[in-house]
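Visitor: The following file, query26.cif, comprises mmCIF, N, CA, C and O atoms:
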```cif
data_run
loop_
_atom_site.label_atom_id
_atom_site.label_comp_id
_atom_site.auth_asym_id
_atom_site.auth_seq_id
_atom_site.Cartn_x
_atom_site.Cartn_y
_atom_site.Cartn_z
N MET M 1 112.66 61.21 152.21
CA MET M 1 112.76 61.03 150.78
C MET M 1 113.67 59.86 150.47
O MET M 1 113.48 59.18 149.49
N GLU M 2 114.63 59.59 151.33
CA GLU M 2 115.54 58.46 151.12
C GLU M 2 114.79 57.13 151.13
O GLU M 2 115.08 56.26 150.35
N ALA M 3 113.83 56.98 152.03
CA ALA M 3 113.08 55.73 152.14
C ALA M 3 112.30 55.46 150.86
O ALA M 3 112.23 54.33 150.40
N THR M 4 111.74 56.50 150.25
CA THR M 4 110.98 56.32 149.02
C THR M 4 111.89 55.84 147.90
O THR M 4 111.55 54.93 147.16
N ASN M 5 113.07 56.43 147.78
CA ASN M 5 114.01 56.01 146.75
C ASN M 5 114.48 54.59 146.98
O ASN M 5 114.65 53.83 146.05
N THR M 6 114.70 54.20 148.24
CA THR M 6 115.12 52.85 148.56
C THR M 6 114.02 51.85 148.21
O THR M 6 114.29 50.82 147.60
N GLU M 7 112.78 52.16 148.59
CA GLU M 7 111.66 51.28 148.27
C GLU M 7 111.47 51.17 146.77
O GLU M 7 111.23 50.09 146.25
N GLU M 8 111.59 52.30 146.08
CA GLU M 8 111.40 52.30 144.64
C GLU M 8 112.47 51.49 143.94
O GLU M 8 112.21 50.84 142.94
N ALA M 9 113.69 51.51 144.48
CA ALA M 9 114.78 50.75 143.88
C ALA M 9 114.51 49.25 143.95
O ALA M 9 114.97 48.50 143.11
N HIS M 10 113.75 48.81 144.96
CA HIS M 10 113.46 47.40 145.12
C HIS M 10 112.30 46.92 144.24
O HIS M 10 112.04 45.73 144.17
N LEU M 11 111.58 47.83 143.60
CA LEU M 11 110.49 47.43 142.73
C LEU M 11 111.04 46.95 141.39
O LEU M 11 111.81 47.64 140.74
N ARG M 12 110.62 45.76 141.04
CA ARG M 12 111.05 45.20 139.76
C ARG M 12 110.21 45.80 138.63
O ARG M 12 109.17 46.40 138.86
N HIS M 13 110.66 45.58 137.41
CA HIS M 13 109.97 46.08 136.22
C HIS M 13 108.53 45.57 136.18
O HIS M 13 107.60 46.32 135.94
N VAL M 14 108.33 44.30 136.46
CA VAL M 14 106.99 43.71 136.42
C VAL M 14 106.09 44.31 137.50
O VAL M 14 104.89 44.45 137.31
N GLU M 15 106.66 44.69 138.62
CA GLU M 15 105.86 45.31 139.68
C GLU M 15 105.38 46.69 139.26
O GLU M 15 104.21 47.04 139.45
N LYS M 16 106.29 47.49 138.69
CA LYS M 16 105.95 48.85 138.28
C LYS M 16 104.97 48.86 137.10
O LYS M 16 104.06 49.67 137.06
N ASP M 17 105.19 47.97 136.14
CA ASP M 17 104.44 48.02 134.89
C ASP M 17 103.24 47.08 134.83
O ASP M 17 102.40 47.22 133.95
N VAL M 18 103.15 46.10 135.73
CA VAL M 18 102.05 45.15 135.68
C VAL M 18 101.27 45.09 136.98
O VAL M 18 100.05 45.29 137.00
N LEU M 19 101.94 44.82 138.09
CA LEU M 19 101.24 44.57 139.34
C LEU M 19 100.61 45.84 139.94
O LEU M 19 99.47 45.79 140.43
N ILE M 20 101.33 46.94 139.92
CA ILE M 20 100.76 48.18 140.47
C ILE M 20 99.62 48.68 139.58
O ILE M 20 98.55 49.03 140.10
N PRO M 21 99.77 48.67 138.23
CA PRO M 21 98.61 49.04 137.41
C PRO M 21 97.41 48.10 137.60
O PRO M 21 96.26 48.55 137.54
N LYS M 22 97.66 46.83 137.87
CA LYS M 22 96.56 45.90 138.15
C LYS M 22 95.82 46.34 139.41
O LYS M 22 94.59 46.35 139.46
N LYS M 23 96.57 46.70 140.44
CA LYS M 23 95.97 47.19 141.69
C LYS M 23 95.20 48.48 141.41
O LYS M 23 94.11 48.69 141.95
N MET M 24 95.73 49.34 140.55
CA MET M 24 95.04 50.58 140.19
C MET M 24 93.70 50.27 139.51
O MET M 24 92.69 50.91 139.83
N ARG M 25 93.69 49.30 138.60
CA ARG M 25 92.45 48.94 137.92
C ARG M 25 91.41 48.42 138.91
O ARG M 25 90.24 48.79 138.84
N GLU M 26 91.84 47.57 139.83
CA GLU M 26 90.92 47.01 140.82
C GLU M 26 90.32 48.11 141.70
O GLU M 26 89.11 48.15 141.93
N LYS M 27 91.18 49.01 142.18
CA LYS M 27 90.70 50.09 143.05
C LYS M 27 89.83 51.08 142.28
O LYS M 27 88.85 51.58 142.81
N ALA M 28 90.19 51.36 141.03
CA ALA M 28 89.41 52.29 140.21
C ALA M 28 88.02 51.72 139.95
O ALA M 28 87.03 52.45 139.97
N LYS M 29 87.93 50.41 139.74
CA LYS M 29 86.61 49.79 139.54
C LYS M 29 85.76 49.93 140.80
O LYS M 29 84.55 50.11 140.71
N GLU M 30 86.38 49.83 141.96
CA GLU M 30 85.65 50.03 143.21
C GLU M 30 85.18 51.48 143.34
O GLU M 30 84.05 51.74 143.76
N LEU M 31 86.06 52.41 142.99
CA LEU M 31 85.72 53.84 143.11
C LEU M 31 84.66 54.26 142.08
O LEU M 31 83.91 55.20 142.32
N CYS M 32 84.63 53.57 140.94
CA CYS M 32 83.66 53.88 139.89
C CYS M 32 82.54 52.83 139.88
O CYS M 32 81.95 52.56 138.83
N ALA M 33 82.24 52.27 141.02
CA ALA M 33 81.27 51.17 141.11
C ALA M 33 79.91 51.55 140.54
O ALA M 33 79.25 50.73 139.89
N ASP M 34 79.46 52.78 140.76
CA ASP M 34 78.16 53.19 140.24
C ASP M 34 78.13 53.17 138.72
O ASP M 34 77.16 52.73 138.10
N LYS M 35 79.24 53.61 138.09
CA LYS M 35 79.33 53.61 136.62
C LYS M 35 79.43 52.18 136.08
O LYS M 35 78.84 51.86 135.06
N VAL M 36 80.18 51.33 136.78
CA VAL M 36 80.30 49.92 136.39
C VAL M 36 78.92 49.26 136.45
O VAL M 36 78.52 48.54 135.52
N GLU M 37 78.20 49.52 137.52
CA GLU M 37 76.86 48.94 137.70
C GLU M 37 75.90 49.42 136.62
O GLU M 37 75.14 48.64 136.05
N ALA M 38 75.94 50.72 136.31
CA ALA M 38 75.06 51.28 135.28
C ALA M 38 75.36 50.66 133.92
O ALA M 38 74.44 50.29 133.18
N PHE M 39 76.64 50.50 133.59
CA PHE M 39 77.02 49.91 132.31
C PHE M 39 76.62 48.44 132.26
O PHE M 39 76.07 47.97 131.25
N SER M 40 76.84 47.70 133.33
CA SER M 40 76.47 46.28 133.38
C SER M 40 74.96 46.12 133.23
O SER M 40 74.50 45.25 132.49
N HIS M 41 74.21 46.95 133.93
CA HIS M 41 72.75 46.89 133.86
C HIS M 41 72.27 47.17 132.43
O HIS M 41 71.39 46.48 131.90
N CYS M 42 72.84 48.18 131.81
CA CYS M 42 72.48 48.54 130.44
C CYS M 42 72.78 47.38 129.48
O CYS M 42 71.96 47.03 128.64
N CYS M 43 73.96 46.76 129.64
CA CYS M 43 74.35 45.66 128.77
C CYS M 43 73.41 44.47 128.93
O CYS M 43 73.02 43.84 127.94
N LYS M 44 73.02 44.17 130.16
CA LYS M 44 72.12 43.04 130.40
C LYS M 44 70.74 43.29 129.79
O LYS M 44 70.13 42.37 129.25
N GLU M 45 70.28 44.52 129.87
CA GLU M 45 68.95 44.83 129.35
C GLU M 45 68.95 44.99 127.83
O GLU M 45 67.93 44.72 127.20
N SER M 46 70.06 45.41 127.25
CA SER M 46 70.09 45.70 125.81
C SER M 46 70.41 44.49 124.96
O SER M 46 70.11 44.48 123.77
N GLY M 47 71.06 43.50 125.55
CA GLY M 47 71.41 42.31 124.78
C GLY M 47 72.36 42.62 123.65
O GLY M 47 73.38 43.28 123.82
N PHE M 48 71.97 42.17 122.46
CA PHE M 48 72.83 42.31 121.28
C PHE M 48 73.07 43.77 120.90
O PHE M 48 74.11 44.11 120.35
N PHE M 49 72.12 44.64 121.18
CA PHE M 49 72.22 46.04 120.77
C PHE M 49 72.96 46.91 121.78
O PHE M 49 72.94 48.14 121.67
N MET M 50 73.63 46.29 122.75
CA MET M 50 74.34 47.05 123.78
C MET M 50 75.39 47.97 123.19
O MET M 50 75.66 49.03 123.74
N VAL M 51 75.99 47.57 122.06
CA VAL M 51 77.02 48.39 121.42
C VAL M 51 76.47 49.78 121.10
O VAL M 51 77.16 50.78 121.25
N PHE M 52 75.22 49.83 120.69
CA PHE M 52 74.60 51.11 120.30
C PHE M 52 73.90 51.80 121.47
O PHE M 52 73.95 53.01 121.60
N LYS M 53 73.22 51.02 122.30
CA LYS M 53 72.38 51.60 123.34
C LYS M 53 73.15 52.05 124.58
O LYS M 53 72.67 52.89 125.32
N CYS M 54 74.33 51.49 124.82
CA CYS M 54 75.05 51.77 126.06
C CYS M 54 76.26 52.67 125.86
O CYS M 54 77.18 52.67 126.68
N ARG M 55 76.27 53.42 124.79
CA ARG M 55 77.42 54.30 124.53
C ARG M 55 77.63 55.33 125.63
O ARG M 55 78.76 55.61 126.03
N GLY M 56 76.55 55.91 126.12
CA GLY M 56 76.66 56.92 127.17
C GLY M 56 77.24 56.35 128.45
O GLY M 56 78.14 56.94 129.07
N GLU M 57 76.72 55.18 128.86
CA GLU M 57 77.22 54.53 130.06
C GLU M 57 78.68 54.12 129.91
O GLU M 57 79.48 54.24 130.83
N ASN M 58 79.02 53.64 128.70
CA ASN M 58 80.40 53.22 128.43
C ASN M 58 81.34 54.42 128.48
O ASN M 58 82.43 54.34 129.07
N ALA M 59 80.92 55.54 127.91
CA ALA M 59 81.75 56.75 127.91
C ALA M 59 81.95 57.25 129.34
O ALA M 59 83.07 57.64 129.72
N ALA M 60 80.89 57.21 130.14
CA ALA M 60 81.00 57.66 131.54
C ALA M 60 81.94 56.77 132.33
O ALA M 60 82.76 57.24 133.12
N LEU M 61 81.85 55.46 132.10
CA LEU M 61 82.73 54.51 132.77
C LEU M 61 84.19 54.73 132.36
O LEU M 61 85.07 54.80 133.22
N LYS M 62 84.43 54.87 131.08
CA LYS M 62 85.80 55.11 130.59
C LYS M 62 86.38 56.39 131.18
O LYS M 62 87.54 56.43 131.57
N GLU M 63 85.56 57.43 131.21
CA GLU M 63 86.03 58.72 131.74
C GLU M 63 86.40 58.60 133.21
O GLU M 63 87.45 59.09 133.65
N CYS M 64 85.57 57.91 133.98
CA CYS M 64 85.84 57.74 135.41
C CYS M 64 87.13 56.93 135.63
O CYS M 64 87.98 57.30 136.43
N LEU M 65 87.26 55.82 134.91
CA LEU M 65 88.44 54.97 135.07
C LEU M 65 89.71 55.70 134.62
O LEU M 65 90.74 55.66 135.31
N THR M 66 89.63 56.38 133.48
CA THR M 66 90.79 57.10 132.94
C THR M 66 91.25 58.20 133.89
O THR M 66 92.46 58.41 134.07
N ARG M 67 90.29 58.88 134.52
CA ARG M 67 90.64 59.93 135.48
C ARG M 67 91.51 59.35 136.60
O ARG M 67 92.50 59.96 137.02
N HIS M 68 91.15 58.17 137.09
CA HIS M 68 91.94 57.55 138.15
C HIS M 68 93.28 57.03 137.63
O HIS M 68 94.30 57.16 138.31
N TYR M 69 93.29 56.42 136.44
CA TYR M 69 94.53 55.88 135.89
C TYR M 69 95.57 56.97 135.67
O TYR M 69 96.77 56.72 135.81
N GLN M 70 95.14 58.17 135.33
CA GLN M 70 96.08 59.24 135.00
C GLN M 70 96.43 60.12 136.19
O GLN M 70 97.20 61.06 136.05
N ASP M 71 95.90 59.82 137.35
CA ASP M 71 96.14 60.61 138.56
C ASP M 71 97.43 60.14 139.24
O ASP M 71 97.50 59.01 139.72
N PRO M 72 98.49 60.97 139.28
CA PRO M 72 99.75 60.56 139.90
C PRO M 72 99.60 60.25 141.39
O PRO M 72 100.26 59.34 141.90
N ALA M 73 98.72 60.95 142.07
CA ALA M 73 98.50 60.69 143.50
C ALA M 73 97.88 59.30 143.70
O ALA M 73 98.22 58.59 144.64
N PHE M 74 96.97 58.92 142.81
CA PHE M 74 96.34 57.60 142.88
C PHE M 74 97.37 56.51 142.61
O PHE M 74 97.38 55.48 143.29
N PHE M 75 98.28 56.74 141.64
CA PHE M 75 99.34 55.78 141.36
C PHE M 75 100.22 55.62 142.60
O PHE M 75 100.57 54.50 142.99
N GLU M 76 100.58 56.73 143.21
CA GLU M 76 101.44 56.70 144.40
C GLU M 76 100.75 55.96 145.55
O GLU M 76 101.38 55.17 146.25
N GLU M 77 99.46 56.20 145.73
CA GLU M 77 98.69 55.51 146.77
C GLU M 77 98.69 53.99 146.54
O GLU M 77 98.92 53.21 147.47
N CYS M 78 98.46 53.59 145.30
CA CYS M 78 98.45 52.16 144.97
C CYS M 78 99.85 51.55 145.11
O CYS M 78 99.99 50.41 145.55
N LYS M 79 100.87 52.33 144.76
CA LYS M 79 102.24 51.84 144.89
C LYS M 79 102.58 51.62 146.36
O LYS M 79 103.16 50.58 146.72
N GLN M 80 102.22 52.57 147.22
CA GLN M 80 102.50 52.42 148.65
C GLN M 80 101.73 51.24 149.23
O GLN M 80 102.26 50.49 150.06
N GLU M 81 100.49 51.05 148.80
CA GLU M 81 99.70 49.91 149.26
C GLU M 81 100.35 48.60 148.80
O GLU M 81 100.42 47.64 149.57
N TYR M 82 100.83 48.57 147.57
CA TYR M 82 101.51 47.38 147.06
C TYR M 82 102.77 47.09 147.88
O TYR M 82 103.03 45.95 148.26
N ILE M 83 103.54 48.12 148.18
CA ILE M 83 104.77 47.96 148.96
C ILE M 83 104.45 47.43 150.35
O ILE M 83 105.13 46.52 150.85
N ARG M 84 103.39 47.96 150.99
CA ARG M 84 102.98 47.45 152.31
C ARG M 84 102.61 45.98 152.24
O ARG M 84 103.01 45.19 153.09
N GLU M 85 101.84 45.60 151.21
CA GLU M 85 101.45 44.19 151.06
C GLU M 85 102.66 43.31 150.80
O GLU M 85 102.76 42.20 151.32
N LYS M 86 103.59 43.81 150.02
CA LYS M 86 104.80 43.05 149.71
C LYS M 86 105.64 42.84 150.97
O LYS M 86 106.11 41.73 151.23
N LEU M 87 105.82 43.89 151.76
CA LEU M 87 106.59 43.78 153.00
C LEU M 87 105.90 42.84 154.00
O LEU M 87 106.56 42.06 154.69
N GLU M 88 104.58 42.91 154.06
CA GLU M 88 103.82 42.02 154.94
C GLU M 88 103.98 40.56 154.50
O GLU M 88 104.14 39.67 155.33
N PHE M 89 103.95 40.33 153.20
CA PHE M 89 104.15 38.97 152.68
C PHE M 89 105.56 38.47 153.00
O PHE M 89 105.73 37.32 153.40
N GLU M 90 106.55 39.34 152.84
CA GLU M 90 107.93 38.94 153.16
C GLU M 90 108.07 38.62 154.64
O GLU M 90 108.83 37.74 155.02
N ARG M 91 107.32 39.33 155.48
CA ARG M 91 107.38 39.11 156.92
C ARG M 91 106.64 37.84 157.34
O ARG M 91 107.15 37.06 158.14
N THR M 92 105.44 37.61 156.78
CA THR M 92 104.60 36.50 157.25
C THR M 92 104.58 35.30 156.31
O THR M 92 104.31 34.18 156.76
N GLY M 93 104.78 35.52 155.04
CA GLY M 93 104.68 34.44 154.06
C GLY M 93 103.25 34.18 153.60
O GLY M 93 102.98 33.26 152.84
N ILE M 94 102.30 35.01 154.07
CA ILE M 94 100.90 34.86 153.69
C ILE M 94 100.53 35.99 152.73
O ILE M 94 100.66 37.16 153.09
N PRO M 95 100.05 35.66 151.52
CA PRO M 95 99.64 36.71 150.59
C PRO M 95 98.48 37.53 151.15
O PRO M 95 97.66 37.01 151.91
N ALA M 96 98.41 38.80 150.77
CA ALA M 96 97.38 39.70 151.30
C ALA M 96 95.98 39.20 150.99
O ALA M 96 95.08 39.32 151.81
N LYS M 97 95.79 38.60 149.81
CA LYS M 97 94.44 38.13 149.46
C LYS M 97 94.02 36.94 150.32
O LYS M 97 92.83 36.70 150.49
N ASN M 98 94.98 36.22 150.89
CA ASN M 98 94.65 35.08 151.76
C ASN M 98 94.58 35.47 153.23
O ASN M 98 94.13 34.68 154.04
N MET M 99 95.02 36.66 153.58
CA MET M 99 95.04 37.11 154.98
C MET M 99 93.64 37.06 155.58
O MET M 99 93.45 36.59 156.68
N LYS M 100 92.68 37.57 154.85
CA LYS M 100 91.30 37.64 155.35
C LYS M 100 90.71 36.24 155.47
O LYS M 100 89.92 35.98 156.37
N GLN M 101 91.10 35.33 154.60
CA GLN M 101 90.55 33.98 154.60
C GLN M 101 91.12 33.14 155.73
O GLN M 101 90.49 32.20 156.18
N LYS M 102 92.30 33.45 156.21
CA LYS M 102 92.97 32.65 157.21
C LYS M 102 92.46 32.88 158.63
O LYS M 102 92.75 32.12 159.53
N LEU M 103 91.73 33.96 158.84
CA LEU M 103 91.25 34.28 160.17
C LEU M 103 90.20 33.26 160.60
O LEU M 103 89.27 32.96 159.86
N PRO M 104 90.33 32.70 161.82
CA PRO M 104 89.33 31.73 162.27
C PRO M 104 87.99 32.42 162.55
O PRO M 104 87.95 33.54 163.05
N THR M 105 86.91 31.70 162.24
CA THR M 105 85.58 32.28 162.46
C THR M 105 85.08 32.00 163.87
O THR M 105 84.30 32.75 164.40
N SER M 106 85.53 30.90 164.47
CA SER M 106 85.13 30.61 165.85
C SER M 106 86.26 29.87 166.53
O SER M 106 87.07 29.19 165.91
N MET M 107 86.28 29.95 167.84
CA MET M 107 87.35 29.30 168.60
C MET M 107 86.83 28.09 169.30
O MET M 107 85.94 27.93 169.93
#
```
Represent the structure of the file as structure tokens.
Guide:
Amino acid sequence: MEATNTEEAHLRHVEKDVLIPKKMREKAKELCADKVEAFSHCCKESGFFMVFKCRGENAALKECLTRHYQDPAFFEECKQEYIREKLEFERTGIPAKNMKQKLPTSM
């Protein structure tokens, strides 16, 4: 429990209130990919009338995303993932999003 408090003490305000919620949004969109796809498909097919025709898809998408946003375990999972990425960046100097791009494709 001491390690968690120590790690949490190192999180800045912007990390807790902006960066971790951003990671939560990205992961929630991946977890709700079927709902995102259904809503996108509906919007593309409905054109201007999407506001009226896609209410069901929009409600389903909102419900799925909100369920993840309000889940304390999901927040904790995203926070731990953020802390791992932050520690890895401090160790290597390479951001997590660039890690995959830096790997050579052939030798």
Visitor: Hey, can you check how far atom C of M:Ala59 sits from atom O of M:Glu81?
Guide: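 These atoms are spaced 29.0 Å apart.
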Visitor: Could you check the closest approach to M:Lys27 for each of M:Lys53, M:His10, M:Lys62, M:His68 and tell me which residue wins, using only N, CA, C and O atoms?
Guide: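 Among the listed residues, the smallest separation from M:Lys27 belongs to M:His68.
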Visitor: Residue by residue, what does the PyMOL selection byres ((chain M and resi 30-40) around 8) grab here? Present the result as a ChimeraX atom specification.
Guide: /M:23-29,41-47,50,54,56-58,60-62,64-65
Visitor: Can you measure atom CA of M:Phe75 to atom O of M:Phe89 for me? One decimal in Å is fine.
Guide: 22.9 Å
Visitor: One number please: atom O of M:Arg67 to atom O of M:Pro21, in Å, one decimal.
Guide: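 Answer for the atom O of M:Arg67 to atom O of M:Pro21 separation: 12.0 Å.
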